file coords-v8.cif (mmCIF, C-alpha atoms)
data_structure
#
loop_
_atom_site.label_atom_id
_atom_site.label_comp_id
_atom_site.auth_asym_id
_atom_site.auth_seq_id
_atom_site.Cartn_x
_atom_site.Cartn_y
_atom_site.Cartn_z
CA MET A 1 103.17 -3.79 208.15
CA THR A 2 103.81 -7.19 209.70
CA GLN A 3 104.68 -7.34 213.36
CA GLN A 4 108.02 -9.00 214.15
CA PRO A 5 107.31 -11.75 216.67
CA ASP A 6 109.03 -11.31 220.00
CA LEU A 7 112.29 -13.23 220.17
CA ILE A 8 113.07 -15.06 223.35
CA ASP A 9 116.20 -14.61 225.42
CA PRO A 10 118.51 -17.64 224.90
CA ASP A 11 119.20 -17.84 228.64
CA SER A 12 115.50 -18.38 229.30
CA ILE A 13 115.47 -21.68 227.39
CA ASP A 14 114.68 -24.60 229.70
CA LEU A 15 113.44 -28.17 229.37
CA SER A 16 109.89 -27.06 228.56
CA TYR A 17 110.90 -25.40 225.28
CA ALA A 18 110.37 -26.94 221.86
CA ILE A 19 113.01 -25.40 219.64
CA GLY A 20 114.09 -25.85 216.04
CA PRO A 21 116.66 -24.55 213.59
CA ALA A 22 116.45 -21.01 212.30
CA ASP A 23 115.70 -20.30 208.67
CA ALA A 24 118.46 -19.66 206.13
CA LEU A 25 120.74 -22.37 207.48
CA SER A 26 122.64 -24.90 205.39
CA SER A 27 124.22 -27.79 207.21
CA VAL A 28 126.21 -30.88 206.42
CA GLU A 29 127.13 -33.84 208.61
CA LEU A 30 130.61 -35.24 208.06
CA ASP A 31 131.80 -38.26 210.03
CA GLY A 32 129.51 -37.48 212.96
CA GLU A 33 130.26 -33.76 213.15
CA THR A 34 128.12 -30.98 211.70
CA VAL A 35 129.07 -27.77 209.95
CA ILE A 36 126.37 -25.11 209.69
CA TYR A 37 126.40 -22.07 207.41
CA ASP A 38 124.08 -19.22 208.35
CA GLU A 39 123.31 -17.31 205.19
CA SER A 40 121.67 -14.48 207.13
CA ASN A 41 124.95 -13.34 208.64
CA GLY A 42 127.68 -15.32 206.87
CA SER A 43 128.81 -17.24 209.94
CA VAL A 44 130.00 -20.85 209.98
CA HIS A 45 129.58 -23.14 213.01
CA LEU A 46 131.13 -26.50 213.88
CA LEU A 47 129.22 -28.94 216.12
CA ASP A 48 130.99 -31.84 217.84
CA PRO A 49 129.49 -35.36 217.73
CA ILE A 50 127.32 -34.94 220.85
CA ALA A 51 126.00 -31.56 219.69
CA THR A 52 125.37 -33.11 216.27
CA ILE A 53 123.09 -35.75 217.81
CA VAL A 54 121.09 -33.13 219.69
CA TRP A 55 120.97 -30.80 216.68
CA SER A 56 119.58 -33.59 214.50
CA VAL A 57 116.52 -34.04 216.73
CA LEU A 58 115.63 -30.37 217.28
CA ASP A 59 112.45 -30.25 215.26
CA GLY A 60 110.52 -27.37 216.84
CA THR A 61 107.82 -29.67 218.19
CA SER A 62 109.51 -31.99 220.69
CA THR A 63 110.38 -30.37 224.01
CA LEU A 64 113.91 -30.57 225.34
CA GLU A 65 112.48 -32.75 228.12
CA ASP A 66 111.25 -35.26 225.49
CA ILE A 67 114.60 -35.16 223.70
CA CYS A 68 116.49 -35.72 226.95
CA ALA A 69 114.32 -38.73 227.76
CA ASP A 70 115.13 -40.25 224.37
CA LEU A 71 118.86 -39.60 224.80
CA VAL A 72 118.88 -41.15 228.29
CA GLU A 73 117.09 -44.20 226.98
CA THR A 74 119.30 -44.54 223.92
CA PHE A 75 122.68 -43.95 225.53
CA GLY A 76 121.97 -44.99 229.12
CA ALA A 77 123.45 -41.73 230.35
CA ASP A 78 122.84 -40.00 233.66
CA PRO A 79 119.50 -38.11 233.30
CA GLN A 80 120.61 -35.13 235.36
CA GLN A 81 123.81 -34.77 233.33
CA VAL A 82 121.94 -35.06 230.03
CA ARG A 83 119.35 -32.43 231.00
CA GLY A 84 122.06 -29.97 232.05
CA ASP A 85 124.13 -30.52 228.91
CA VAL A 86 121.17 -30.28 226.53
CA VAL A 87 119.88 -27.05 228.05
CA THR A 88 123.37 -25.54 228.00
CA LEU A 89 123.81 -26.55 224.36
CA ALA A 90 120.38 -25.18 223.40
CA GLN A 91 121.20 -21.86 225.04
CA HIS A 92 124.53 -21.76 223.24
CA LEU A 93 122.84 -22.48 219.89
CA GLY A 94 120.35 -19.73 220.71
CA HIS A 95 123.06 -17.21 221.46
CA SER A 96 124.70 -18.16 218.16
CA GLY A 97 121.54 -17.29 216.23
CA LEU A 98 120.89 -20.84 215.08
CA LEU A 99 117.42 -21.31 216.63
CA ALA A 100 114.09 -20.07 215.28
CA GLY A 101 112.43 -17.50 217.49
CA VAL A 102 115.50 -17.02 219.70
CA ARG A 103 117.48 -13.80 219.83
CA GLY A 104 121.06 -14.50 218.75
CA ASP A 105 123.40 -12.15 220.53
CA ARG A 106 126.81 -13.82 220.29
CA ILE A 107 126.92 -14.49 216.58
CA PRO A 108 130.44 -15.19 215.34
CA ALA A 109 131.90 -12.80 212.84
CA PRO A 110 130.99 -13.63 209.26
CA MET A 111 133.47 -15.57 207.19
CA ALA A 112 136.14 -13.08 206.32
CA ASP A 113 137.29 -12.94 202.73
CA ALA A 114 140.36 -14.96 202.01
CA PRO A 115 143.36 -12.68 201.80
CA PRO A 116 143.74 -11.00 198.45
CA ALA A 117 145.61 -12.87 195.80
CA ASP A 118 148.73 -10.84 196.33
CA ASP A 119 151.72 -13.05 196.73
CA CYS A 120 153.34 -11.78 193.59
CA MET B 121 161.33 -5.12 168.02
CA THR B 122 164.17 -2.63 167.63
CA GLU B 123 162.42 0.49 166.46
CA THR B 124 163.11 3.67 168.35
CA VAL B 125 160.61 4.30 171.09
CA ALA B 126 159.34 7.72 171.89
CA THR B 127 159.20 8.23 175.62
CA SER B 128 156.36 10.01 177.31
CA ARG B 129 156.57 12.97 179.62
CA PHE B 130 153.20 12.17 181.09
CA ALA B 131 151.73 9.21 182.94
CA PRO B 132 148.29 10.43 184.00
CA ARG B 133 146.39 8.63 186.74
CA SER B 134 143.57 8.05 184.28
CA ALA B 135 144.59 7.94 180.64
CA PRO B 136 142.51 10.16 178.35
CA PRO B 137 141.03 8.75 175.13
CA GLY B 138 143.68 8.21 172.50
CA PHE B 139 146.52 8.28 175.02
CA PHE B 140 147.69 4.77 174.16
CA ASP B 141 146.80 4.93 170.50
CA ASP B 142 148.98 7.99 169.94
CA ARG B 143 152.25 6.29 170.80
CA PRO B 144 154.12 3.32 169.42
CA TRP B 145 153.82 -0.06 171.13
CA PRO B 146 156.51 -2.09 169.46
CA CYS B 147 156.21 -5.03 171.85
CA ARG B 148 153.13 -7.07 172.53
CA THR B 149 153.02 -10.27 174.50
CA ALA B 150 151.14 -13.40 173.57
CA ARG B 151 147.49 -13.61 174.51
CA PHE B 152 147.03 -15.00 178.01
CA ARG B 153 144.02 -16.59 179.62
CA ALA B 154 143.84 -17.08 183.37
CA LEU B 155 140.46 -18.70 184.12
CA GLY B 156 138.03 -15.84 183.41
CA HIS B 157 140.71 -13.22 182.73
CA ASP B 158 141.73 -12.85 179.07
CA PHE B 159 144.52 -10.32 178.64
CA VAL B 160 147.47 -9.06 176.66
CA VAL B 161 150.33 -6.73 177.61
CA TYR B 162 151.63 -3.91 175.44
CA SER B 163 155.03 -2.55 176.22
CA GLN B 164 157.65 -0.16 174.92
CA SER B 165 160.31 -2.44 176.33
CA GLU B 166 161.39 -5.63 174.65
CA GLN B 167 162.79 -6.77 177.97
CA VAL B 168 159.36 -6.52 179.60
CA ALA B 169 157.53 -8.34 176.80
CA ASP B 170 160.12 -11.11 176.64
CA TYR B 171 160.07 -11.52 180.40
CA LEU B 172 156.27 -11.75 180.57
CA ASP B 173 156.09 -14.12 177.60
CA GLY B 174 158.54 -16.30 179.49
CA VAL B 175 156.98 -16.32 182.94
CA LEU B 176 153.36 -16.45 181.75
CA VAL B 177 153.98 -19.14 179.14
CA ASP B 178 151.68 -21.62 180.89
CA LEU B 179 148.78 -19.17 180.56
CA ALA B 180 149.36 -18.54 176.85
CA ALA B 181 146.19 -18.97 174.82
CA PRO B 182 146.09 -19.76 171.12
CA GLY B 183 145.05 -17.18 168.59
CA ALA B 184 145.06 -13.44 168.44
CA PRO B 185 143.74 -11.49 171.42
CA ALA B 186 139.97 -11.28 171.50
CA ALA B 187 138.57 -7.81 170.99
CA ALA B 188 137.27 -7.94 174.53
CA ALA B 189 140.61 -8.99 176.01
CA SER B 190 141.87 -6.72 178.74
CA ARG B 191 144.95 -4.66 177.97
CA TYR B 192 147.84 -3.84 180.20
CA TYR B 193 150.31 -1.16 179.13
CA VAL B 194 153.83 -0.84 180.49
CA LEU B 195 155.01 2.67 179.69
CA ASP B 196 158.73 3.45 179.76
CA ARG B 197 159.28 7.15 180.44
CA GLY B 198 163.01 6.91 180.00
CA GLU B 199 165.94 6.91 182.37
CA ARG B 200 165.63 10.63 183.06
CA ALA B 201 162.31 9.99 184.79
CA ARG B 202 164.33 8.13 187.48
CA ASN B 203 162.00 6.90 190.24
CA ARG B 204 158.93 7.57 188.07
CA ARG B 205 160.28 5.81 185.01
CA TRP B 206 157.85 2.90 184.73
CA ALA B 207 154.08 3.35 184.53
CA LEU B 208 151.68 0.41 184.48
CA TYR B 209 148.14 0.77 183.19
CA PHE B 210 145.18 -1.59 183.18
CA GLY B 211 143.01 -0.16 180.44
CA ALA B 212 142.94 3.56 181.18
CA GLU B 213 143.64 3.14 184.91
CA ARG B 214 147.16 3.68 186.14
CA LEU B 215 148.08 0.92 188.59
CA TRP B 216 151.68 1.80 189.30
CA LEU B 217 154.32 4.49 188.80
CA GLY B 218 157.83 3.78 189.99
CA GLY B 219 161.49 3.47 189.20
CA ARG B 220 161.99 -0.28 189.57
CA LEU B 221 161.14 -2.61 186.73
CA ASP B 222 160.80 -5.67 188.99
CA SER B 223 158.21 -3.83 191.11
CA THR B 224 156.34 -2.80 187.97
CA VAL B 225 156.19 -6.37 186.71
CA GLY B 226 155.41 -7.64 190.22
CA THR B 227 152.45 -5.26 190.38
CA LEU B 228 151.25 -6.48 186.98
CA LEU B 229 151.40 -10.13 188.09
CA TRP B 230 149.68 -9.25 191.37
CA HIS B 231 146.91 -7.50 189.44
CA VAL B 232 146.50 -10.50 187.13
CA ASN B 233 145.79 -12.61 190.22
CA GLN B 234 143.33 -10.08 191.60
CA GLU B 235 141.53 -9.70 188.31
CA THR B 236 141.44 -13.44 187.73
CA VAL B 237 139.72 -13.96 191.07
CA ARG B 238 137.31 -11.09 190.45
CA ARG B 239 136.30 -12.26 186.99
CA THR B 240 136.10 -15.96 187.84
CA ASP B 241 134.28 -15.70 191.16
CA PRO B 242 130.73 -15.64 189.72
CA ASP B 243 131.25 -18.97 187.94
CA MET B 244 133.67 -20.90 190.13
CA VAL B 245 134.38 -21.37 193.81
CA LEU B 246 137.86 -19.98 194.43
CA VAL B 247 139.88 -21.15 197.40
CA HIS B 248 143.15 -19.60 198.52
CA ALA B 249 145.22 -22.75 198.13
CA ALA B 250 147.74 -24.52 195.96
CA ALA B 251 146.85 -27.68 194.04
CA ALA B 252 148.54 -30.43 192.09
CA GLU B 253 147.68 -33.76 190.50
CA LEU B 254 149.30 -37.15 190.19
CA ALA B 255 147.84 -40.36 188.74
CA GLY B 256 144.44 -38.70 188.41
CA VAL B 257 144.33 -37.75 192.09
CA GLY B 258 143.76 -34.04 192.70
CA VAL B 259 145.36 -32.63 195.84
CA VAL B 260 144.23 -29.32 197.36
CA LEU B 261 146.75 -27.60 199.64
CA PRO B 262 144.99 -24.83 201.60
CA ALA B 263 147.10 -22.66 203.86
CA PRO B 264 147.45 -19.07 204.99
CA MET B 265 150.09 -16.92 203.36
CA GLU B 266 153.69 -17.74 204.25
CA SER B 267 152.76 -21.32 205.24
CA GLY B 268 154.64 -23.03 202.45
CA LYS B 269 152.04 -23.57 199.72
CA THR B 270 154.27 -22.52 196.86
CA THR B 271 157.33 -24.31 198.17
CA THR B 272 155.33 -27.50 198.69
CA VAL B 273 153.77 -27.44 195.24
CA ALA B 274 157.16 -26.68 193.65
CA GLY B 275 158.59 -29.74 195.38
CA LEU B 276 155.66 -31.83 194.17
CA ILE B 277 156.15 -30.71 190.56
CA ARG B 278 159.82 -31.67 190.76
CA ALA B 279 158.70 -35.10 192.00
CA GLY B 280 156.40 -35.68 189.03
CA PHE B 281 153.13 -34.03 190.03
CA ASN B 282 151.27 -31.84 187.57
CA TYR B 283 150.56 -28.25 188.48
CA LEU B 284 147.17 -26.61 188.95
CA THR B 285 148.01 -23.47 190.93
CA ASP B 286 149.97 -22.03 193.82
CA GLU B 287 147.41 -19.34 194.62
CA ALA B 288 143.73 -19.89 193.82
CA VAL B 289 142.08 -23.27 193.38
CA ALA B 290 139.09 -22.96 191.05
CA ILE B 291 136.32 -25.51 191.65
CA ASP B 292 133.66 -25.99 189.02
CA PRO B 293 130.37 -26.14 190.95
CA ALA B 294 128.74 -28.39 188.36
CA SER B 295 131.41 -31.10 188.11
CA GLY B 296 133.41 -30.58 191.30
CA ARG B 297 136.59 -30.60 189.22
CA LEU B 298 139.56 -28.35 189.85
CA ALA B 299 140.40 -26.13 186.89
CA PRO B 300 144.05 -25.16 186.32
CA PHE B 301 145.15 -21.61 187.02
CA ALA B 302 148.75 -22.15 185.98
CA LYS B 303 150.19 -18.80 187.01
CA PRO B 304 153.95 -18.69 187.52
CA LEU B 305 154.97 -19.88 190.95
CA SER B 306 155.91 -16.92 193.12
CA VAL B 307 158.95 -18.14 195.01
CA ASP B 308 159.86 -15.84 197.86
CA ARG B 309 163.45 -15.16 198.81
CA GLY B 310 163.04 -17.33 201.91
CA SER B 311 162.55 -20.43 199.74
CA TRP B 312 165.43 -19.80 197.33
CA ARG B 313 167.75 -21.79 199.61
CA VAL B 314 165.63 -24.97 199.47
CA LEU B 315 164.76 -24.60 195.78
CA PRO B 316 168.02 -23.38 194.23
CA ASP B 317 167.40 -25.28 190.99
CA LEU B 318 164.32 -23.12 190.37
CA GLU B 319 166.38 -19.97 189.86
CA PRO B 320 165.06 -18.65 186.55
CA ALA B 321 167.35 -18.06 183.62
CA LEU B 322 165.46 -14.89 182.90
CA THR B 323 165.23 -12.41 185.77
CA LEU B 324 164.74 -8.72 186.20
CA PRO B 325 167.28 -6.58 188.02
CA LYS B 326 167.30 -7.07 191.82
CA PRO B 327 164.34 -9.45 192.02
CA THR B 328 162.58 -9.96 195.35
CA GLN B 329 160.71 -13.01 194.02
CA TRP B 330 161.35 -15.61 191.41
CA HIS B 331 158.48 -16.00 188.95
CA VAL B 332 158.77 -19.59 187.77
CA PRO B 333 156.40 -21.20 185.27
CA ALA B 334 155.67 -24.82 186.14
CA SER B 335 156.79 -25.90 182.68
CA ALA B 336 160.25 -24.55 183.49
CA ILE B 337 160.43 -26.88 186.49
CA ARG B 338 159.32 -29.86 184.45
CA ALA B 339 158.22 -29.73 180.83
CA GLY B 340 154.57 -30.55 180.26
CA SER B 341 153.74 -30.32 183.96
CA VAL B 342 150.54 -28.27 183.73
CA ALA B 343 147.54 -30.37 184.76
CA THR B 344 144.17 -30.58 183.10
CA ALA B 345 140.96 -30.41 185.15
CA VAL B 346 140.82 -33.13 187.81
CA LEU B 347 138.63 -34.32 190.65
CA PRO B 348 140.08 -33.69 194.11
CA ARG B 349 140.63 -36.68 196.38
CA LEU B 350 142.91 -35.27 199.05
CA VAL B 351 142.97 -32.03 201.02
CA ILE B 352 146.30 -31.50 202.74
CA ALA B 353 146.93 -28.35 204.76
CA PRO B 354 150.69 -27.67 204.71
CA ARG B 355 152.43 -25.80 207.49
CA TYR B 356 156.13 -25.14 207.45
CA SER B 357 157.73 -25.38 210.86
CA ARG B 358 161.48 -24.99 211.08
CA ASP B 359 163.20 -28.06 212.55
CA ALA B 360 159.85 -29.87 213.04
CA HIS B 361 159.45 -33.58 212.50
CA THR B 362 157.83 -33.86 209.06
CA ARG B 363 154.54 -35.68 209.37
CA LEU B 364 151.07 -36.19 207.92
CA GLU B 365 148.17 -36.35 210.38
CA PRO B 366 144.49 -36.95 209.60
CA VAL B 367 142.13 -34.02 210.10
CA ALA B 368 138.38 -34.34 210.61
CA ARG B 369 136.46 -33.48 207.46
CA ALA B 370 134.20 -31.04 209.32
CA GLN B 371 137.21 -29.15 210.61
CA MET B 372 138.70 -29.05 207.12
CA LEU B 373 135.41 -27.75 205.70
CA VAL B 374 135.56 -24.81 208.11
CA MET B 375 139.18 -24.19 207.09
CA LEU B 376 138.28 -24.25 203.39
CA ALA B 377 135.37 -21.86 203.95
CA GLU B 378 137.73 -19.46 205.70
CA ALA B 379 140.13 -19.74 202.76
CA THR B 380 137.50 -19.06 200.08
CA PHE B 381 137.61 -15.77 198.21
CA HIS B 382 134.38 -13.79 198.69
CA PHE B 383 132.83 -16.78 200.47
CA HIS B 384 129.70 -14.94 201.56
CA THR B 385 128.95 -13.46 198.12
CA HIS B 386 127.71 -16.85 196.97
CA GLY B 387 127.60 -18.36 200.43
CA THR B 388 125.07 -21.15 200.03
CA ARG B 389 126.56 -22.29 196.71
CA ASN B 390 130.10 -22.13 198.04
CA PHE B 391 129.17 -24.01 201.21
CA GLY B 392 127.50 -26.78 199.21
CA VAL B 393 130.43 -27.14 196.81
CA LEU B 394 133.00 -27.21 199.62
CA ALA B 395 130.90 -29.69 201.61
CA GLU B 396 130.76 -32.02 198.61
CA LEU B 397 134.50 -31.65 198.01
CA THR B 398 135.27 -32.39 201.66
CA ARG B 399 132.96 -35.41 201.69
CA ARG B 400 134.82 -36.84 198.70
CA CYS B 401 138.32 -36.20 200.08
CA ASP B 402 140.55 -37.56 202.81
CA CYS B 403 141.92 -34.67 204.84
CA TYR B 404 145.32 -34.19 206.46
CA GLN B 405 147.60 -31.69 208.12
CA LEU B 406 151.15 -31.73 206.74
CA THR B 407 153.83 -30.40 209.07
CA ILE B 408 156.92 -29.64 207.01
CA GLY B 409 160.34 -29.68 208.57
CA SER B 410 162.01 -31.09 205.45
CA LEU B 411 160.62 -30.44 201.98
CA ASP B 412 162.00 -33.69 200.56
CA GLU B 413 160.42 -35.75 203.34
CA ALA B 414 157.11 -33.89 202.93
CA VAL B 415 157.09 -34.54 199.19
CA ALA B 416 157.85 -38.22 199.79
CA LEU B 417 154.97 -38.53 202.28
CA VAL B 418 152.48 -36.84 199.96
CA THR B 419 153.63 -38.90 196.98
CA GLU B 420 153.18 -42.13 198.93
CA LEU B 421 149.71 -41.04 200.09
CA VAL B 422 148.64 -40.10 196.58
CA ARG B 423 149.87 -43.36 195.09
CA SER B 424 148.04 -45.30 197.78
CA THR B 425 144.86 -43.29 197.09
CA ALA B 426 145.19 -43.90 193.35
CA ALA B 427 145.64 -47.63 193.96
CA GLN B 428 142.49 -47.70 196.13
CA GLU B 429 140.56 -45.89 193.42
CA ALA B 430 141.76 -48.33 190.81
CA SER B 431 140.71 -51.34 192.84
#
call {"tool": "encode", "arguments": {"input": "coords-v8.cif", "output": "structure tokens"}}
result
Amino acid sequence: MTQQPDLIDPDSIDLSYAIGPADALSSVELDGETVIYDESNGSVHLLDPIATIVWSVLDGTSTLEDICADLVETFGADPQQVRGDVVTLAQHLGHSGLLAGVRGDRIPAPMADAPPADDC
Amino acid sequence: MTETVATSRFAPRSAPPGFFDDRPWPCRTARFRALGHDFVVYSQSEQVADYLDGVLVDLAAPGAPAAAASRYYVLDRGERARNRRWALYFGAERLWLGGRLDSTVGTLLWHVNQETVRRTDPDMVLVHAAAAELAGVGVVLPAPMESGKTTTVAGLIRAGFNYLTDEAVAIDPASGRLAPFAKPLSVDRGSWRVLPDLEPALTLPKPTQWHVPASAIRAGSVATAVLPRLVIAPRYSRDAHTRLEPVARAQMLVMLAEATFHFHTHGTRNFGVLAELTRRCDCYQLTIGSLDEAVALVTELVRSTAAQEAS
């Protein structure tokens, strides 16, 4: 029997973490926004343009500190602001079950079925 | 069609073997094909068969019913059965027992929709939406119930669009094309005032809905398969200023996923097909205060899209 690796608490994510997308995700970028489908639980997530940029560089090997440094350099943004926003976003993604090795605990309800074809 | 019909004292919940074979069925409709649902209706009432042949004319399929075609039976138990006069069966399963013919037929048409979705779902992505086509431009109109899908598509047909569906848009995963599901438009009482010319010549007593085939609105108005280029989410809002506003594709993709029948059953496939459709389409919200103005806006947008495609 294989041992399930311990999942980390999303709120414990800080700048030292290297995080990446969970398995079983399909995603598409449309005009700078991203839609993610999580096959494991049937949920669909919409990321705004800023979240899309961060999501695109989460590779499981770069730390959030590294990613923040790149973002500050690229966009000339306030380093303190960027660090705060990136950690908050990473924790949110973790809660939503979208990060590998992180315990999702606020996963949106799965896509409900469309209403039955009953307008007759 | 005039032979005397023996009425039945019984309408069991589940018909035993031979139950239907042992009685006369003087009236049979044409063969119908709604996407993956191939069916025929047997009836003891000429009125029922004529009505269904009329409203389902756009689903009529050539040839005799296939052996595997599903069978509906409408059993008339006679006037003395009062509020249990009409029994509707799908195969051996009784779907309905009641005294009103319009409710019996309404239940049959409702079940056709249900069964069409169930049988087509493995092969096609099915979105709860209306759809129409003009100048080779497919338009998908997703909206929750009571948002004006049917009324909008009826207005578009009157204006020269061809009809795909007012209920379930079927997307072929391989080609991305929309396949027609030309069920009769189900026009609720609330829309009769704005669509008075759609009042059918053939109705059942005390109808609560008009069942209107697209070809009765405009002859030859059923579309063939077409690629979608526009997704327009209609929303009726009494006294609102009628307007078209762009919607982000990502937001529309989420809306389409929410409107997809059994989305999670084939989730990854459905997500991929909807993502591709959304990528290919321009997306809008249509707020409808006036049907005529809404139809004019959509027509102008479609013609402009067709002109862009051509150039």
call {"tool": "residues_around", "arguments": {"input": "coords-v8.cif", "residues": "Gly256 (chain B)", "least_positions_apart": "4", "cutoff": "9 Å", "atoms": "all atoms listed in the file", "output": "ChimeraX atom specification"}}
result
/B:346-348,426
call {"tool": "closest_residue", "arguments": {"input": "coords-v8.cif", "among": "B:Leu322, B:Ala201, B:Leu221, B:Ala379", "to": "chain A", "atoms": "all atoms listed in the file"}}
result
B:Ala379
call {"tool": "closest_residue", "arguments": {"input": "coords-v8.cif", "among": "B:Leu397, B:Leu373, B:Ala154, B:Leu350", "to": "chain A", "atoms": "only C-alpha atoms"}}
result
B:Leu373
call {"tool": "residues_around", "arguments": {"input": "coords-v8.cif", "residues": "region 60-71 of chain A", "least_positions_apart": "2", "cutoff": "7 Å", "atoms": "all atoms listed in the file", "output": "VMD selection string"}}
result
chain A and resid 15 to 20 58 73 to 75 82 to 83
call {"tool": "resolve_selection", "arguments": {"input": "coords-v8.cif", "expression": "the PyMOL selection byres ((chain B and resi 152) around 8)", "output": "short mmCIF file (atom, residue, chain, number, x, y, z; two decimals) with C-alpha atoms, in the frame of the given file"}}
result
data_model
loop_
_atom_site.label_atom_id
_atom_site.label_comp_id
_atom_site.auth_asym_id
_atom_site.auth_seq_id
_atom_site.Cartn_x
_atom_site.Cartn_y
_atom_site.Cartn_z
CA ALA B 150 151.14 -13.40 173.57
CA ARG B 151 147.49 -13.61 174.51
CA ARG B 153 144.02 -16.59 179.62
CA ALA B 154 143.84 -17.08 183.37
CA ASP B 158 141.73 -12.85 179.07
CA PHE B 159 144.52 -10.32 178.64
CA VAL B 160 147.47 -9.06 176.66
CA LEU B 176 153.36 -16.45 181.75
CA LEU B 179 148.78 -19.17 180.56
CA ALA B 180 149.36 -18.54 176.85
CA ALA B 181 146.19 -18.97 174.82
#
call {"tool": "interface_residues", "arguments": {"input": "coords-v8.cif", "of": "chain B", "to": "chain A", "cutoff": "8 Å", "atoms": "only C-alpha atoms", "output": "ChimeraX atom specification"}}
result
/B:226-227,229-231,233-234,237,247-248,265,287-288,306,329,368-371,373-374,377-384,387-388,391,395,399
call {"tool": "closest_residue", "arguments": {"input": "coords-v8.cif", "among": "B:Gln428, B:Thr285, B:Ser134, B:Thr362", "to": "Ala249 (chain B)", "atoms": "all atoms listed in the file"}}
result
B:Thr285
call {"tool": "resolve_selection", "arguments": {"input": "coords-v8.cif", "expression": "the PyMOL selection byres ((chain B and resi 162) around 9)", "output": "PyMOL selection string"}}
result
chain B and resi 145-149+160-161+163-165+169+191-195
call {"tool": "write_last_selection", "arguments": {"input": "coords-v8.cif", "atoms": "C-alpha atoms", "output": "PDB file, in the coordinates of the input"}}
result
ATOM      1  CA  TRP B 145     153.820  -0.060 171.130  1.00  0.00           C
ATOM      2  CA  PRO B 146     156.510  -2.090 169.460  1.00  0.00           C
ATOM      3  CA  CYS B 147     156.210  -5.030 171.850  1.00  0.00           C
ATOM      4  CA  ARG B 148     153.130  -7.070 172.530  1.00  0.00           C
ATOM      5  CA  THR B 149     153.020 -10.270 174.500  1.00  0.00           C
ATOM      6  CA  VAL B 160     147.470  -9.060 176.660  1.00  0.00           C
ATOM      7  CA  VAL B 161     150.330  -6.730 177.610  1.00  0.00           C
ATOM      8  CA  SER B 163     155.030  -2.550 176.220  1.00  0.00           C
ATOM      9  CA  GLN B 164     157.650  -0.160 174.920  1.00  0.00           C
ATOM     10  CA  SER B 165     160.310  -2.440 176.330  1.00  0.00           C
ATOM     11  CA  ALA B 169     157.530  -8.340 176.800  1.00  0.00           C
ATOM     12  CA  ARG B 191     144.950  -4.660 177.970  1.00  0.00           C
ATOM     13  CA  TYR B 192     147.840  -3.840 180.200  1.00  0.00           C
ATOM     14  CA  TYR B 193     150.310  -1.160 179.130  1.00  0.00           C
ATOM     15  CA  VAL B 194     153.830  -0.840 180.490  1.00  0.00           C
ATOM     16  CA  LEU B 195     155.010   2.670 179.690  1.00  0.00           C
TER      17      LEU B 195
END
call {"tool": "build_atoms", "arguments": {"input": "coords-v8.cif", "residues": "region 53-64 of chain A", "atoms": "N, CA and C atoms", "output": "short mmCIF file (atom, residue, chain, number, x, y, z; two decimals), in the coordinates of the input"}}
result
data_model
loop_
_atom_site.label_atom_id
_atom_site.label_comp_id
_atom_site.auth_asym_id
_atom_site.auth_seq_id
_atom_site.Cartn_x
_atom_site.Cartn_y
_atom_site.Cartn_z
N ILE A 53 124.24 -34.88 217.50
CA ILE A 53 123.09 -35.75 217.81
C ILE A 53 121.91 -34.90 218.27
N VAL A 54 122.18 -33.97 219.17
CA VAL A 54 121.09 -33.13 219.69
C VAL A 54 120.52 -32.27 218.56
N TRP A 55 121.41 -31.68 217.77
CA TRP A 55 120.97 -30.80 216.68
C TRP A 55 120.04 -31.55 215.72
N SER A 56 120.34 -32.83 215.50
CA SER A 56 119.58 -33.59 214.50
C SER A 56 118.15 -33.87 214.96
N VAL A 57 117.89 -33.73 216.25
CA VAL A 57 116.52 -34.04 216.73
C VAL A 57 115.76 -32.77 217.17
N LEU A 58 116.36 -31.61 216.98
CA LEU A 58 115.63 -30.37 217.28
C LEU A 58 114.68 -30.10 216.13
N ASP A 59 113.41 -30.36 216.36
CA ASP A 59 112.45 -30.25 215.26
C ASP A 59 111.39 -29.17 215.48
N GLY A 60 111.48 -28.46 216.59
CA GLY A 60 110.52 -27.37 216.84
C GLY A 60 109.22 -27.86 217.45
N THR A 61 109.06 -29.16 217.59
CA THR A 61 107.82 -29.67 218.19
C THR A 61 108.09 -30.50 219.45
N SER A 62 109.18 -31.22 219.49
CA SER A 62 109.51 -31.99 220.69
C SER A 62 110.15 -31.06 221.72
N THR A 63 109.75 -31.20 222.98
CA THR A 63 110.38 -30.37 224.01
C THR A 63 111.76 -30.94 224.33
N LEU A 64 112.58 -30.09 224.94
CA LEU A 64 113.91 -30.57 225.34
C LEU A 64 113.78 -31.71 226.36
#
